[in-house]
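**Student:** Sending over my_file-v6.pdb (PDB, C-alpha atoms, pLDDT in the B column).
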ATOM      1  CA  MET A   1       6.962   3.151  14.023  1.00 53.00           C
ATOM      2  CA  GLU A   2       8.651   6.426  13.043  1.00 71.00           C
ATOM      3  CA  LYS A   3      11.427   5.834  15.600  1.00 67.00           C
ATOM      4  CA  ASP A   4      11.877   2.314  14.220  1.00 87.00           C
ATOM      5  CA  ASN A   5      12.093   3.752  10.699  1.00 91.00           C
ATOM      6  CA  GLU A   6      14.637   6.312  11.843  1.00 93.00           C
ATOM      7  CA  LEU A   7      16.820   3.558  13.280  1.00 93.00           C
ATOM      8  CA  LEU A   8      16.499   1.451  10.134  1.00 95.00           C
ATOM      9  CA  LEU A   9      17.361   4.384   7.913  1.00 96.00           C
ATOM     10  CA  ARG A  10      20.377   5.255  10.048  1.00 96.00           C
ATOM     11  CA  LYS A  11      21.628   1.674   9.786  1.00 96.00           C
ATOM     12  CA  ALA A  12      20.991   1.668   6.033  1.00 97.00           C
ATOM     13  CA  TYR A  13      22.890   4.934   5.615  1.00 97.00           C
ATOM     14  CA  GLU A  14      25.812   3.638   7.650  1.00 97.00           C
ATOM     15  CA  LYS A  15      25.846   0.391   5.675  1.00 97.00           C
ATOM     16  CA  LEU A  16      25.823   2.310   2.387  1.00 97.00           C
ATOM     17  CA  LYS A  17      28.756   4.479   3.468  1.00 97.00           C
ATOM     18  CA  ILE A  18      30.740   1.443   4.634  1.00 97.00           C
ATOM     19  CA  GLU A  19      30.146  -0.385   1.353  1.00 97.00           C
ATOM     20  CA  LEU A  20      31.112   2.633  -0.729  1.00 97.00           C
ATOM     21  CA  SER A  21      34.316   3.060   1.289  1.00 97.00           C
ATOM     22  CA  GLN A  22      35.580  -0.378   0.256  1.00 97.00           C
ATOM     23  CA  PRO A  23      38.468  -0.092  -2.238  1.00 97.00           C
ATOM     24  CA  GLU A  24      36.592  -1.990  -4.955  1.00 97.00           C
ATOM     25  CA  ASN A  25      33.543   0.299  -4.577  1.00 97.00           C
ATOM     26  CA  GLN A  26      35.105   3.718  -4.144  1.00 97.00           C
ATOM     27  CA  TYR A  27      34.435   4.655  -7.772  1.00 97.00           C
ATOM     28  CA  ILE A  28      30.666   4.034  -7.585  1.00 98.00           C
ATOM     29  CA  GLU A  29      29.410   7.313  -6.130  1.00 97.00           C
ATOM     30  CA  ARG A  30      31.624   9.386  -8.423  1.00 97.00           C
ATOM     31  CA  SER A  31      30.531   7.384 -11.460  1.00 98.00           C
ATOM     32  CA  ALA A  32      26.814   7.547 -10.583  1.00 98.00           C
ATOM     33  CA  VAL A  33      26.911  11.263  -9.819  1.00 98.00           C
ATOM     34  CA  GLN A  34      28.770  11.986 -13.055  1.00 98.00           C
ATOM     35  CA  LEU A  35      26.257  10.049 -15.151  1.00 98.00           C
ATOM     36  CA  LEU A  36      23.253  11.695 -13.479  1.00 98.00           C
ATOM     37  CA  ASP A  37      24.853  15.115 -13.914  1.00 97.00           C
ATOM     38  CA  GLU A  38      25.534  14.451 -17.602  1.00 98.00           C
ATOM     39  CA  LEU A  39      21.961  13.325 -18.142  1.00 98.00           C
ATOM     40  CA  SER A  40      20.591  16.310 -16.246  1.00 97.00           C
ATOM     41  CA  GLN A  41      22.710  18.722 -18.280  1.00 97.00           C
ATOM     42  CA  GLU A  42      21.604  17.152 -21.552  1.00 96.00           C
ATOM     43  CA  VAL A  43      17.983  17.429 -20.419  1.00 96.00           C
ATOM     44  CA  LEU A  44      18.478  21.123 -19.645  1.00 95.00           C
ATOM     45  CA  ASN A  45      20.062  21.676 -23.064  1.00 95.00           C
ATOM     46  CA  TRP A  46      17.432  19.663 -24.915  1.00 95.00           C
ATOM     47  CA  ASN A  47      15.091  21.430 -27.334  1.00 92.00           C
ATOM     48  CA  ILE A  48      11.592  20.260 -28.223  1.00 90.00           C
ATOM     49  CA  ASN A  49      12.709  20.096 -31.860  1.00 90.00           C
ATOM     50  CA  ASP A  50      15.535  17.680 -30.996  1.00 91.00           C
ATOM     51  CA  THR A  51      15.034  13.940 -31.228  1.00 92.00           C
ATOM     52  CA  ILE A  52      14.299  12.286 -27.895  1.00 95.00           C
ATOM     53  CA  SER A  53      16.459   9.319 -28.901  1.00 94.00           C
ATOM     54  CA  ILE A  54      19.572  11.297 -27.921  1.00 96.00           C
ATOM     55  CA  PHE A  55      18.878  10.082 -24.378  1.00 97.00           C
ATOM     56  CA  ASP A  56      18.826   6.386 -25.319  1.00 96.00           C
ATOM     57  CA  LYS A  57      22.548   6.054 -24.633  1.00 96.00           C
ATOM     58  CA  TYR A  58      21.991   6.679 -20.928  1.00 98.00           C
ATOM     59  CA  TRP A  59      19.383   4.040 -20.127  1.00 98.00           C
ATOM     60  CA  THR A  60      21.591   0.969 -20.552  1.00 97.00           C
ATOM     61  CA  ALA A  61      25.006   2.581 -20.195  1.00 97.00           C
ATOM     62  CA  THR A  62      27.505   0.528 -18.196  1.00 96.00           C
ATOM     63  CA  ARG A  63      27.654   3.322 -15.630  1.00 97.00           C
ATOM     64  CA  ALA A  64      23.895   3.102 -15.116  1.00 98.00           C
ATOM     65  CA  ASN A  65      24.652  -0.063 -13.144  1.00 98.00           C
ATOM     66  CA  ASP A  66      26.311   2.128 -10.544  1.00 98.00           C
ATOM     67  CA  ILE A  67      22.889   3.695  -9.968  1.00 97.00           C
ATOM     68  CA  SER A  68      20.780   0.507 -10.110  1.00 97.00           C
ATOM     69  CA  LYS A  69      22.568  -2.721 -10.951  1.00 96.00           C
ATOM     70  CA  GLU A  70      20.783  -4.711 -13.650  1.00 96.00           C
ATOM     71  CA  GLY A  71      21.806  -8.157 -12.379  1.00 93.00           C
ATOM     72  CA  THR A  72      19.760 -10.947 -13.996  1.00 94.00           C
ATOM     73  CA  ALA A  73      17.570  -8.340 -15.738  1.00 95.00           C
ATOM     74  CA  LYS A  74      20.313  -7.979 -18.347  1.00 95.00           C
ATOM     75  CA  ILE A  75      18.732 -10.846 -20.308  1.00 96.00           C
ATOM     76  CA  PHE A  76      16.007  -8.332 -21.225  1.00 96.00           C
ATOM     77  CA  ARG A  77      18.379  -5.541 -22.264  1.00 96.00           C
ATOM     78  CA  SER A  78      18.022  -6.240 -25.988  1.00 96.00           C
ATOM     79  CA  GLU A  79      14.219  -6.227 -25.646  1.00 96.00           C
ATOM     80  CA  PHE A  80      14.475  -2.779 -24.094  1.00 98.00           C
ATOM     81  CA  ASN A  81      16.955  -1.362 -26.625  1.00 97.00           C
ATOM     82  CA  ASN A  82      15.711  -2.989 -29.808  1.00 96.00           C
ATOM     83  CA  ILE A  83      11.954  -3.187 -29.243  1.00 97.00           C
ATOM     84  CA  PHE A  84      10.774  -0.925 -26.431  1.00 97.00           C
ATOM     85  CA  LEU A  85      12.838   2.152 -27.294  1.00 97.00           C
ATOM     86  CA  LYS A  86      12.054   1.785 -31.008  1.00 96.00           C
ATOM     87  CA  ASP A  87       8.313   2.176 -30.372  1.00 96.00           C
ATOM     88  CA  GLN A  88       7.057   5.662 -31.306  1.00 96.00           C
ATOM     89  CA  ASP A  89       4.513   5.775 -28.470  1.00 97.00           C
ATOM     90  CA  VAL A  90       7.336   4.991 -26.045  1.00 97.00           C
ATOM     91  CA  GLN A  91       9.473   7.796 -27.458  1.00 96.00           C
ATOM     92  CA  ASN A  92       6.542  10.180 -27.087  1.00 97.00           C
ATOM     93  CA  LYS A  93       6.086   9.160 -23.455  1.00 98.00           C
ATOM     94  CA  ILE A  94       9.789   9.569 -22.702  1.00 98.00           C
ATOM     95  CA  GLN A  95       9.534  13.019 -24.247  1.00 97.00           C
ATOM     96  CA  SER A  96       6.630  13.765 -21.903  1.00 97.00           C
ATOM     97  CA  LEU A  97       8.780  12.737 -18.923  1.00 98.00           C
ATOM     98  CA  ILE A  98      11.675  14.906 -20.101  1.00 97.00           C
ATOM     99  CA  LEU A  99       9.304  17.860 -20.475  1.00 97.00           C
ATOM    100  CA  LEU A 100       7.992  17.300 -16.944  1.00 97.00           C
ATOM    101  CA  ARG A 101      11.580  17.305 -15.670  1.00 97.00           C
ATOM    102  CA  LEU A 102      12.206  20.577 -17.485  1.00 95.00           C
ATOM    103  CA  GLN A 103       8.996  22.424 -16.719  1.00 95.00           C
ATOM    104  CA  GLU A 104       7.682  21.268 -13.340  1.00 95.00           C
ATOM    105  CA  PRO A 105       8.873  21.785  -9.742  1.00 95.00           C
ATOM    106  CA  LEU A 106      10.516  18.661  -8.331  1.00 95.00           C
ATOM    107  CA  ASP A 107       8.052  18.004  -5.525  1.00 94.00           C
ATOM    108  CA  TYR A 108       5.078  15.810  -4.570  1.00 94.00           C
ATOM    109  CA  ARG A 109       2.832  17.443  -7.167  1.00 95.00           C
ATOM    110  CA  LEU A 110       4.922  15.905  -9.931  1.00 97.00           C
ATOM    111  CA  ILE A 111       4.368  12.267  -8.913  1.00 98.00           C
ATOM    112  CA  SER A 112       0.842  11.930 -10.316  1.00 97.00           C
ATOM    113  CA  LYS A 113       1.932  13.614 -13.538  1.00 98.00           C
ATOM    114  CA  ILE A 114       4.804  11.137 -13.955  1.00 98.00           C
ATOM    115  CA  ALA A 115       2.507   8.188 -13.237  1.00 97.00           C
ATOM    116  CA  ASN A 116      -0.114   9.524 -15.643  1.00 97.00           C
ATOM    117  CA  VAL A 117       2.362   9.396 -18.528  1.00 98.00           C
ATOM    118  CA  LYS A 118       1.951   5.618 -18.168  1.00 97.00           C
ATOM    119  CA  LEU A 119       5.340   4.676 -19.585  1.00 98.00           C
ATOM    120  CA  ILE A 120       5.407   1.464 -17.544  1.00 97.00           C
ATOM    121  CA  GLU A 121       1.949   0.475 -18.809  1.00 97.00           C
ATOM    122  CA  GLN A 122       3.313   0.701 -22.354  1.00 96.00           C
ATOM    123  CA  LEU A 123       5.091  -2.585 -21.664  1.00 96.00           C
ATOM    124  CA  ASN A 124       1.712  -4.339 -21.821  1.00 94.00           C
ATOM    125  CA  ARG A 125       1.023  -3.029 -25.320  1.00 95.00           C
ATOM    126  CA  ILE A 126       4.212  -4.278 -26.959  1.00 95.00           C
ATOM    127  CA  PRO A 127       4.898  -7.932 -27.844  1.00 94.00           C
ATOM    128  CA  PHE A 128       8.277  -9.079 -26.509  1.00 94.00           C
ATOM    129  CA  GLU A 129       9.970 -12.308 -27.521  1.00 89.00           C
ATOM    130  CA  ASN A 130      11.876 -12.984 -24.308  1.00 88.00           C
ATOM    131  CA  GLY A 131       9.984 -11.084 -21.612  1.00 92.00           C
ATOM    132  CA  ARG A 132       9.233  -7.536 -20.511  1.00 95.00           C
ATOM    133  CA  PRO A 133      12.227  -5.271 -19.729  1.00 98.00           C
ATOM    134  CA  LEU A 134      10.493  -3.838 -16.649  1.00 97.00           C
ATOM    135  CA  PHE A 135      13.693  -3.187 -14.703  1.00 98.00           C
ATOM    136  CA  TYR A 136      15.043  -0.875 -17.412  1.00 98.00           C
ATOM    137  CA  VAL A 137      11.836   1.136 -17.619  1.00 98.00           C
ATOM    138  CA  HIS A 138      11.881   1.596 -13.847  1.00 98.00           C
ATOM    139  CA  ARG A 139      15.544   2.635 -13.934  1.00 98.00           C
ATOM    140  CA  LEU A 140      14.858   5.103 -16.733  1.00 98.00           C
ATOM    141  CA  GLU A 141      12.352   6.941 -14.528  1.00 98.00           C
ATOM    142  CA  ILE A 142      14.718   6.780 -11.556  1.00 98.00           C
ATOM    143  CA  MET A 143      17.476   8.363 -13.629  1.00 98.00           C
ATOM    144  CA  ILE A 144      15.267  11.196 -14.879  1.00 98.00           C
ATOM    145  CA  PHE A 145      13.931  11.961 -11.389  1.00 98.00           C
ATOM    146  CA  PRO A 146      16.661  11.013  -8.859  1.00 97.00           C
ATOM    147  CA  GLN A 147      15.490  13.815  -6.552  1.00 97.00           C
ATOM    148  CA  LEU A 148      12.096  12.119  -6.124  1.00 98.00           C
ATOM    149  CA  PHE A 149      12.858   8.398  -6.207  1.00 98.00           C
ATOM    150  CA  THR A 150      15.163   5.770  -4.725  1.00 98.00           C
ATOM    151  CA  THR A 151      17.609   3.581  -6.650  1.00 98.00           C
ATOM    152  CA  ILE A 152      15.405   0.491  -6.173  1.00 98.00           C
ATOM    153  CA  ALA A 153      14.395  -0.517  -9.709  1.00 97.00           C
ATOM    154  CA  ASP A 154      13.139  -3.998  -8.815  1.00 96.00           C
ATOM    155  CA  ARG A 155       9.410  -3.889  -7.977  1.00 96.00           C
ATOM    156  CA  ASN A 156       9.528  -6.870  -5.616  1.00 96.00           C
ATOM    157  CA  LYS A 157      12.312  -5.287  -3.573  1.00 96.00           C
ATOM    158  CA  LEU A 158      10.493  -1.952  -3.652  1.00 97.00           C
ATOM    159  CA  ASP A 159       7.333  -3.522  -2.221  1.00 97.00           C
ATOM    160  CA  LYS A 160       9.266  -5.313   0.532  1.00 96.00           C
ATOM    161  CA  THR A 161      11.045  -2.071   1.423  1.00 97.00           C
ATOM    162  CA  ALA A 162       7.723  -0.238   1.553  1.00 97.00           C
ATOM    163  CA  THR A 163       6.284  -2.892   3.881  1.00 95.00           C
ATOM    164  CA  LEU A 164       9.320  -2.583   6.144  1.00 95.00           C
ATOM    165  CA  LEU A 165       8.601   1.139   6.464  1.00 95.00           C
ATOM    166  CA  GLY A 166       4.873   0.649   7.057  1.00 94.00           C
ATOM    167  CA  ILE A 167       3.876   1.779   3.565  1.00 96.00           C
ATOM    168  CA  LYS A 168       1.061   0.002   1.720  1.00 96.00           C
ATOM    169  CA  SER A 169       2.148  -0.678  -1.851  1.00 95.00           C
ATOM    170  CA  ASP A 170      -0.271  -3.308  -3.147  1.00 93.00           C
ATOM    171  CA  LYS A 171      -1.782  -2.129  -6.439  1.00 93.00           C
ATOM    172  CA  VAL A 172      -0.096   1.278  -5.981  1.00 96.00           C
ATOM    173  CA  ALA A 173       1.761   2.818  -8.915  1.00 97.00           C
ATOM    174  CA  PHE A 174       5.539   2.365  -8.955  1.00 98.00           C
ATOM    175  CA  GLU A 175       6.066   6.125  -8.910  1.00 98.00           C
ATOM    176  CA  ARG A 176       3.861   6.662  -5.859  1.00 97.00           C
ATOM    177  CA  VAL A 177       5.543   3.894  -3.859  1.00 98.00           C
ATOM    178  CA  GLN A 178       8.933   5.302  -4.799  1.00 98.00           C
ATOM    179  CA  TYR A 179       8.015   8.757  -3.594  1.00 98.00           C
ATOM    180  CA  GLN A 180       6.482   7.543  -0.329  1.00 98.00           C
ATOM    181  CA  ILE A 181       9.712   5.735   0.505  1.00 98.00           C
ATOM    182  CA  ARG A 182      11.806   8.715  -0.575  1.00 98.00           C
ATOM    183  CA  GLU A 183       9.744  11.010   1.666  1.00 97.00           C
ATOM    184  CA  LYS A 184      10.780   8.961   4.691  1.00 97.00           C
ATOM    185  CA  VAL A 185      14.384   9.012   3.518  1.00 97.00           C
ATOM    186  CA  ASN A 186      14.187  12.790   3.103  1.00 97.00           C
ATOM    187  CA  ASP A 187      12.836  13.196   6.644  1.00 95.00           C
ATOM    188  CA  PHE A 188      15.794  11.181   7.901  1.00 96.00           C
ATOM    189  CA  ILE A 189      18.237  13.257   5.820  1.00 97.00           C
ATOM    190  CA  HIS A 190      16.737  16.456   7.239  1.00 95.00           C
ATOM    191  CA  ASN A 191      16.809  15.236  10.840  1.00 94.00           C
ATOM    192  CA  GLU A 192      20.385  13.979  10.552  1.00 95.00           C
ATOM    193  CA  ARG A 193      21.573  17.106   8.706  1.00 96.00           C
ATOM    194  CA  LEU A 194      22.815  15.116   5.707  1.00 97.00           C
ATOM    195  CA  SER A 195      21.742  17.567   3.018  1.00 95.00           C
ATOM    196  CA  GLN A 196      25.361  17.878   1.857  1.00 96.00           C
ATOM    197  CA  GLU A 197      25.315  14.305   0.591  1.00 97.00           C
ATOM    198  CA  SER A 198      25.057  13.772  -3.160  1.00 97.00           C
ATOM    199  CA  GLU A 199      21.707  13.087  -4.785  1.00 96.00           C
ATOM    200  CA  PHE A 200      22.948   9.576  -5.479  1.00 97.00           C
ATOM    201  CA  ILE A 201      23.610   8.892  -1.789  1.00 97.00           C
ATOM    202  CA  LYS A 202      20.191  10.248  -0.840  1.00 97.00           C
ATOM    203  CA  SER A 203      18.456   8.052  -3.400  1.00 97.00           C
ATOM    204  CA  ALA A 204      20.580   4.972  -2.578  1.00 97.00           C
ATOM    205  CA  ILE A 205      19.946   4.831   1.188  1.00 98.00           C
ATOM    206  CA  ALA A 206      16.671   2.939   0.776  1.00 97.00           C
ATOM    207  CA  TRP A 207      18.387   0.182  -1.229  1.00 97.00           C
ATOM    208  CA  TRP A 208      20.051  -1.086   1.963  1.00 96.00           C
ATOM    209  CA  LEU A 209      16.941  -1.088   4.177  1.00 96.00           C
ATOM    210  CA  LEU A 210      16.034  -4.734   3.575  1.00 91.00           C
ATOM    211  CA  GLU A 211      19.532  -5.935   4.402  1.00 88.00           C
ATOM    212  CA  VAL A 212      19.750  -4.059   7.705  1.00 92.00           C
ATOM    213  CA  GLY A 213      16.095  -4.765   8.482  1.00 83.00           C
ATOM    214  CA  ASN A 214      16.609  -8.510   8.222  1.00 74.00           C
ATOM    215  CA  ASN A 215      19.630  -8.539  10.521  1.00 68.00           C
TER     216      ASN A 215
END
Let me see the file written as structure tokens.
**Tutor:**
Amino acid sequence: MEKDNELLLRKAYEKLKIELSQPENQYIERSAVQLLDELSQEVLNWNINDTISIFDKYWTATRANDISKEGTAKIFRSEFNNIFLKDQDVQNKIQSLILLRLQEPLDYRLISKIANVKLIEQLNRIPFENGRPLFYVHRLEIMIFPQLFTTIADRNKLDKTATLLGIKSDKVAFERVQYQIREKVNDFIHNERLSQESEFIKSAIAWWLLEVGNN
């Protein structure tokens, strides 16, 4: 199984690099890295006395689509911006995630703490007119913790990717499934000596696993 995973990950990595080398896609890595770096720098400069809403501009920025493309989820963008982000409990939970990013080591011990913030569960406590903006909440966490997660913001695709890698994801928290997949990606990166790749590339490899796995 591990050898099969290694082959799949190699194919996914190669597919990612080919796609990003196409003239129409050559801007994507630069754009994604720049946005993640800007967010990371603003997190580092953030003070507990500052409003947490200063980060709102990142979550649905056009460039965020270079990290995880919203696709049909864009019909829920206004629900995310105008309802979800306006909720005080949500702002408090985002603050908790930002504090974790600032204060905790970026390793496996952080996953349970992220999941225990229960930002995703907050979606069940808020009435939405047109549907839950789940994709955007997933992408928000991915953007805060790109070192721990993949760029797969769609839960259905995440579960299928986990199954492909032999990971059980049924009734498992989004954050834990993300990290289990990323662990396998990290093993591949280590074995292939790809540590020089950007954090975006490392997190984006898993996105291509289903495509190469179905060919």
**Student:** On this file, the PyMOL selection byres ((chain A and resi 101) around 12) gives some set of residues; write that set as a ChimeraX atom specification.
**Tutor:** /A:39-44,46,94-100,102-107,110-111,113-114,141-148
**Student:** Let me make sure I understand: among A:Glu192, A:Trp208, A:Asn186, A:Glu199, which one has the smallest atom-to-atom distance to A:Leu158 if we use only C-alpha atoms?
**Tutor:**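 Using only C-alpha atoms, A:Leu158 sits closest to A:Trp208.
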**Student:** Between A:His190, A:Arg109, A:Arg77, A:Lys118, which one has atoms that come closest to A:Asp89, using all atoms listed in the file?
**Tutor:**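 The shortest atom-to-atom distance to A:Asp89 comes from A:Lys118.
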**Student:** Excluding A:Lys69 and residues on its chain fewer than 4 positions from it, collect all residues at most 12 Å away from it, counting only C-alpha atoms, and give them as a compact mmCIF listing (two decimals) with C-alpha atoms, in the coordinates of the input.
**Tutor:**
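The file below, selection24.txt, is the result:
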# COMPACT_ATOMS: atom_id res chain seq x y z
CA ILE A 28 30.67 4.03 -7.58
CA ALA A 32 26.81 7.55 -10.58
CA TRP A 59 19.38 4.04 -20.13
CA THR A 60 21.59 0.97 -20.55
CA ALA A 61 25.01 2.58 -20.20
CA THR A 62 27.50 0.53 -18.20
CA ARG A 63 27.65 3.32 -15.63
CA ALA A 64 23.90 3.10 -15.12
CA ASN A 65 24.65 -0.06 -13.14
CA ALA A 73 17.57 -8.34 -15.74
CA LYS A 74 20.31 -7.98 -18.35
CA PHE A 135 13.69 -3.19 -14.70
CA TYR A 136 15.04 -0.88 -17.41
CA HIS A 138 11.88 1.60 -13.85
CA ARG A 139 15.54 2.64 -13.93
CA THR A 151 17.61 3.58 -6.65
CA ILE A 152 15.40 0.49 -6.17
CA ALA A 153 14.40 -0.52 -9.71
CA ASP A 154 13.14 -4.00 -8.82
CA ALA A 204 20.58 4.97 -2.58
CA TRP A 207 18.39 0.18 -1.23
**Student:** Show which residues sit within 12 Å of A:Leu210, as a PyMOL selection string. Count only C-alpha atoms, and ignore same-chain residues fewer than 6 positions away.
**Tutor:** chain A and resi 5+8-9+11-12+15+152+156-165
**Student:** Starting from the PyMOL selection byres ((chain A and resi 179-182) around 7), expand the selection into actual residues of this file and give them as number ranges by chain.
**Tutor:** A: 148-150, 162, 175-178, 183-186
**Student:** Selected by the PyMOL selection byres ((chain A and resi 119) around 8) in the shown coordinates: which residues, as a list in words?
**Tutor:**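 That expression, the PyMOL selection byres ((chain A and resi 119) around 8), corresponds here to Val90, Lys93, Ile94, Ala115, Val117, Lys118, Ile120, Glu121, Gln122, Leu123 and Val137 of chain A.
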**Student:** Those residues you just picked out, can you put them in a file as a PDB file, keeping the file's coordinate frame with C-alpha atoms?
**Tutor:**
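Wrote it out as part.pdb, contents follow:
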ATOM      1  CA  VAL A  90       7.336   4.991 -26.045  1.00 97.00           C
ATOM      2  CA  LYS A  93       6.086   9.160 -23.455  1.00 98.00           C
ATOM      3  CA  ILE A  94       9.789   9.569 -22.702  1.00 98.00           C
ATOM      4  CA  ALA A 115       2.507   8.188 -13.237  1.00 97.00           C
ATOM      5  CA  VAL A 117       2.362   9.396 -18.528  1.00 98.00           C
ATOM      6  CA  LYS A 118       1.951   5.618 -18.168  1.00 97.00           C
ATOM      7  CA  ILE A 120       5.407   1.464 -17.544  1.00 97.00           C
ATOM      8  CA  GLU A 121       1.949   0.475 -18.809  1.00 97.00           C
ATOM      9  CA  GLN A 122       3.313   0.701 -22.354  1.00 96.00           C
ATOM     10  CA  LEU A 123       5.091  -2.585 -21.664  1.00 96.00           C
ATOM     11  CA  VAL A 137      11.836   1.136 -17.619  1.00 98.00           C
TER      12      VAL A 137
END
**Student:** Using all atoms listed in the file, can you tell me which of A:Asn124, A:Ile67, A:Ser78, A:Phe84 comes closest to A:Lys202?
**Tutor:**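 So, comparing all the options, the nearest one is A:Ile67.
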**Student:** One decimal, Å: what's the distance from atom CA of A:Leu194 over to atom CA of A:Glu24, could you say?
**Tutor:**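 Computing it gives 24.4 Å between the two atoms.
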**Student:** One decimal, in Å: what's the spacing between atom CA of A:Asn214 and atom CA of A:Ser31?
**Tutor:**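 We find that atom CA of A:Asn214 and atom CA of A:Ser31 lie 28.9 Å from each other.
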**Student:** One decimal, in Å: what's the spacing between atom CA of A:Arg155 and atom CA of A:Phe174?
**Tutor:** 7.4 Å
**Student:** Please return the centre and edge lengths, in Å to one decimal, of a box with edges along x, y and z that contains all listed atoms of stretch 154-157 of chain A, widened by 5 Å on every side, as lines of an AutoDock Vina configuration file.
**Tutor:**
center_x = 11.3
center_y = -5.4
center_z = -6.2
size_x = 13.7
size_y = 13.0
size_z = 15.2
**Student:** As a PDB file, in the coordinates of the input, please: stretch 84-97 of chain A completed to N, CA, C and O atoms.
**Tutor:**
ATOM      1  N   PHE A  84      11.483  -1.938 -27.221  1.00 97.00           N
ATOM      2  CA  PHE A  84      10.774  -0.925 -26.431  1.00 97.00           C
ATOM      3  C   PHE A  84      11.129   0.486 -26.877  1.00 97.00           C
ATOM      4  O   PHE A  84      10.244   1.306 -27.173  1.00 97.00           O
ATOM      5  N   LEU A  85      12.413   0.793 -26.943  1.00 97.00           N
ATOM      6  CA  LEU A  85      12.838   2.152 -27.294  1.00 97.00           C
ATOM      7  C   LEU A  85      12.562   2.508 -28.751  1.00 97.00           C
ATOM      8  O   LEU A  85      12.559   3.696 -29.095  1.00 97.00           O
ATOM      9  N   LYS A  86      12.331   1.518 -29.595  1.00 96.00           N
ATOM     10  CA  LYS A  86      12.054   1.785 -31.008  1.00 96.00           C
ATOM     11  C   LYS A  86      10.583   2.112 -31.259  1.00 96.00           C
ATOM     12  O   LYS A  86      10.221   2.546 -32.356  1.00 96.00           O
ATOM     13  N   ASP A  87       9.743   1.923 -30.244  1.00 96.00           N
ATOM     14  CA  ASP A  87       8.313   2.176 -30.372  1.00 96.00           C
ATOM     15  C   ASP A  87       8.042   3.685 -30.307  1.00 96.00           C
ATOM     16  O   ASP A  87       8.515   4.363 -29.393  1.00 96.00           O
ATOM     17  N   GLN A  88       7.286   4.218 -31.249  1.00 96.00           N
ATOM     18  CA  GLN A  88       7.057   5.662 -31.306  1.00 96.00           C
ATOM     19  C   GLN A  88       6.253   6.150 -30.107  1.00 96.00           C
ATOM     20  O   GLN A  88       6.509   7.243 -29.589  1.00 96.00           O
ATOM     21  N   ASP A  89       5.284   5.381 -29.657  1.00 97.00           N
ATOM     22  CA  ASP A  89       4.513   5.775 -28.470  1.00 97.00           C
ATOM     23  C   ASP A  89       5.424   5.872 -27.244  1.00 97.00           C
ATOM     24  O   ASP A  89       5.254   6.754 -26.401  1.00 97.00           O
ATOM     25  N   VAL A  90       6.371   4.956 -27.148  1.00 97.00           N
ATOM     26  CA  VAL A  90       7.336   4.991 -26.045  1.00 97.00           C
ATOM     27  C   VAL A  90       8.178   6.258 -26.120  1.00 97.00           C
ATOM     28  O   VAL A  90       8.381   6.952 -25.107  1.00 97.00           O
ATOM     29  N   GLN A  91       8.672   6.587 -27.300  1.00 96.00           N
ATOM     30  CA  GLN A  91       9.473   7.796 -27.458  1.00 96.00           C
ATOM     31  C   GLN A  91       8.674   9.042 -27.085  1.00 96.00           C
ATOM     32  O   GLN A  91       9.192   9.969 -26.453  1.00 96.00           O
ATOM     33  N   ASN A  92       7.402   9.051 -27.439  1.00 97.00           N
ATOM     34  CA  ASN A  92       6.542  10.180 -27.087  1.00 97.00           C
ATOM     35  C   ASN A  92       6.373  10.290 -25.574  1.00 97.00           C
ATOM     36  O   ASN A  92       6.351  11.402 -25.012  1.00 97.00           O
ATOM     37  N   LYS A  93       6.264   9.150 -24.906  1.00 98.00           N
ATOM     38  CA  LYS A  93       6.086   9.160 -23.455  1.00 98.00           C
ATOM     39  C   LYS A  93       7.380   9.569 -22.750  1.00 98.00           C
ATOM     40  O   LYS A  93       7.348  10.285 -21.743  1.00 98.00           O
ATOM     41  N   ILE A  94       8.509   9.129 -23.275  1.00 98.00           N
ATOM     42  CA  ILE A  94       9.789   9.569 -22.702  1.00 98.00           C
ATOM     43  C   ILE A  94       9.930  11.076 -22.881  1.00 98.00           C
ATOM     44  O   ILE A  94      10.393  11.791 -21.983  1.00 98.00           O
ATOM     45  N   GLN A  95       9.515  11.571 -24.032  1.00 97.00           N
ATOM     46  CA  GLN A  95       9.534  13.019 -24.247  1.00 97.00           C
ATOM     47  C   GLN A  95       8.662  13.732 -23.216  1.00 97.00           C
ATOM     48  O   GLN A  95       9.055  14.783 -22.680  1.00 97.00           O
ATOM     49  N   SER A  96       7.509  13.163 -22.909  1.00 97.00           N
ATOM     50  CA  SER A  96       6.630  13.765 -21.903  1.00 97.00           C
ATOM     51  C   SER A  96       7.313  13.813 -20.536  1.00 97.00           C
ATOM     52  O   SER A  96       7.184  14.807 -19.804  1.00 97.00           O
ATOM     53  N   LEU A  97       8.058  12.757 -20.199  1.00 98.00           N
ATOM     54  CA  LEU A  97       8.780  12.737 -18.923  1.00 98.00           C
ATOM     55  C   LEU A  97       9.898  13.783 -18.904  1.00 98.00           C
ATOM     56  O   LEU A  97      10.102  14.463 -17.893  1.00 98.00           O
TER      57      LEU A  97
END
